[in-house]
Amino acid sequence: MKILVTGLNGTIGRVLKQQLEALGHHVAGWNRSQVPVDDYHRMEFYVGSVRPDMLIHLAVNSQPTGRADENWIVNYQWPSELAWICKKFKVRFVFASTVMVFSDLAKGPFTIFSVPDNNKGYGFEKRLAEARVLYQNPDSILIRLGWQIGHEAGSNNMVDYLDVRNREKGEVECSTRWLPACSFLEDTAGLFLRAATFSPGLYQADSNTGWSFYDIASALNRQLSAGWTLVPADEFVFDQRMQDDRTAMPPLSDRLPQLKQITLNRL
């Protein structure tokens with residue numbers, strides 16, 4: 001297959017590219033300096049010239065230029081236009097959304113029937129984009145993602161957050177009462193590989209079956225021998241998990257066996 005991926009150099013994109021190419025797929029990227037995301041005709045021409053079998057939209061506004069309304073253009077208008085262009089060219093469109101469509105006040109765990117309620121910022125823009133994408137192209141596939149977990153610092157993932165926070169503050173406060181939606185990068189990329197076989201609609205990707213942020217950070221700390229100073233805290237209480245058996249995400253304990261011991265210690 002020929003697959004066009006926006007955000008190809010991002011956190012998930014780099015892992016996805018490796019997996020796609022390992023399977024013999026042809027992967028094309030999107031250079032925003034050459035194909036501006038606010039120029040419909042150039043976007044349409046580019047997709048038409050590439051003629052992909054599938055377009056996976058991962059990109060977010062990770063490198064803002066300071067333009068007015070840039071977040072809105074990138075997070076809402078761009079996926080809306082891509083959905084329509086893919087409909088026109090009969091290209092399967094896969095849109096990466098986020099658990100942040102739910103506010104911190106929402107009651108999880110969330111199913112696909114839970115009503116998104118975030119009314120500000122990135123989560124609000126993604127919430128509106130979800131609805132707009134399905135309106136523009138009902139054959140689209142939407143996948144909500146949680147926090148991504150890598151195996152080293154240096155990219156936008158949980159390990160990077162913990163490493164940077166520990167260096168800056170000398171310690172990291174980790175809630176024992178926050179159950180974050182999260183998955184390892186390899187498993188998320190694998191889900192996008194399988195998305196070509198999905199029926200149109202909304203899906204949720206989460207590998208956390210019941211561990212707190214403190215549990216996960218502690219397991220990562222031991223597995224990576226990171227040397228972080230983790231401080232348990234209980235101020236932030238939130239069950240952010242997303243449930244969707246159709247995505248068949250492997251549990252975190254498959255890649256973090258230490259979590260199994262944490263579970264046993266509680267029994």
# chains A, B, ... in the order shown; residues from 1 in each chain; ligands from 1
>>> residues_around(residues="Cys182 of chain A", least_positions_apart="4", cutoff="7 Å", atoms="only C-alpha atoms", output="list in words")
Gly146, Trp147, Gln148, Asp206, Ser207 and Asn208 of chain A
>>> closest_atom_pairs(of="segment 160-237 of chain A", to="segment 12-15 of chain A", cutoff="10 Å", atoms="only C-alpha atoms", output="CSV")
residue,atom,partner,partner_atom,distance
A:Phe184,CA,A:Ile12,CA,9.7
A:Leu185,CA,A:Ile12,CA,6.2
A:Glu186,CA,A:Val15,CA,6.6
A:Asp187,CA,A:Val15,CA,9.7
A:Thr188,CA,A:Ile12,CA,7.5
A:Ala189,CA,A:Val15,CA,6.4
A:Gly190,CA,A:Val15,CA,9.1
A:Phe192,CA,A:Ile12,CA,9.8
>>> closest_residue(among="A:Glu235, A:Ser218, A:Leu23, A:Cys86", to="Pro257 of chain A", atoms="only C-alpha atoms")
A:Ser218
>>> atom_distance(atom1="atom CA of Val99 of chain A", atom2="atom CA of Leu145 of chain A")
5.8 Å
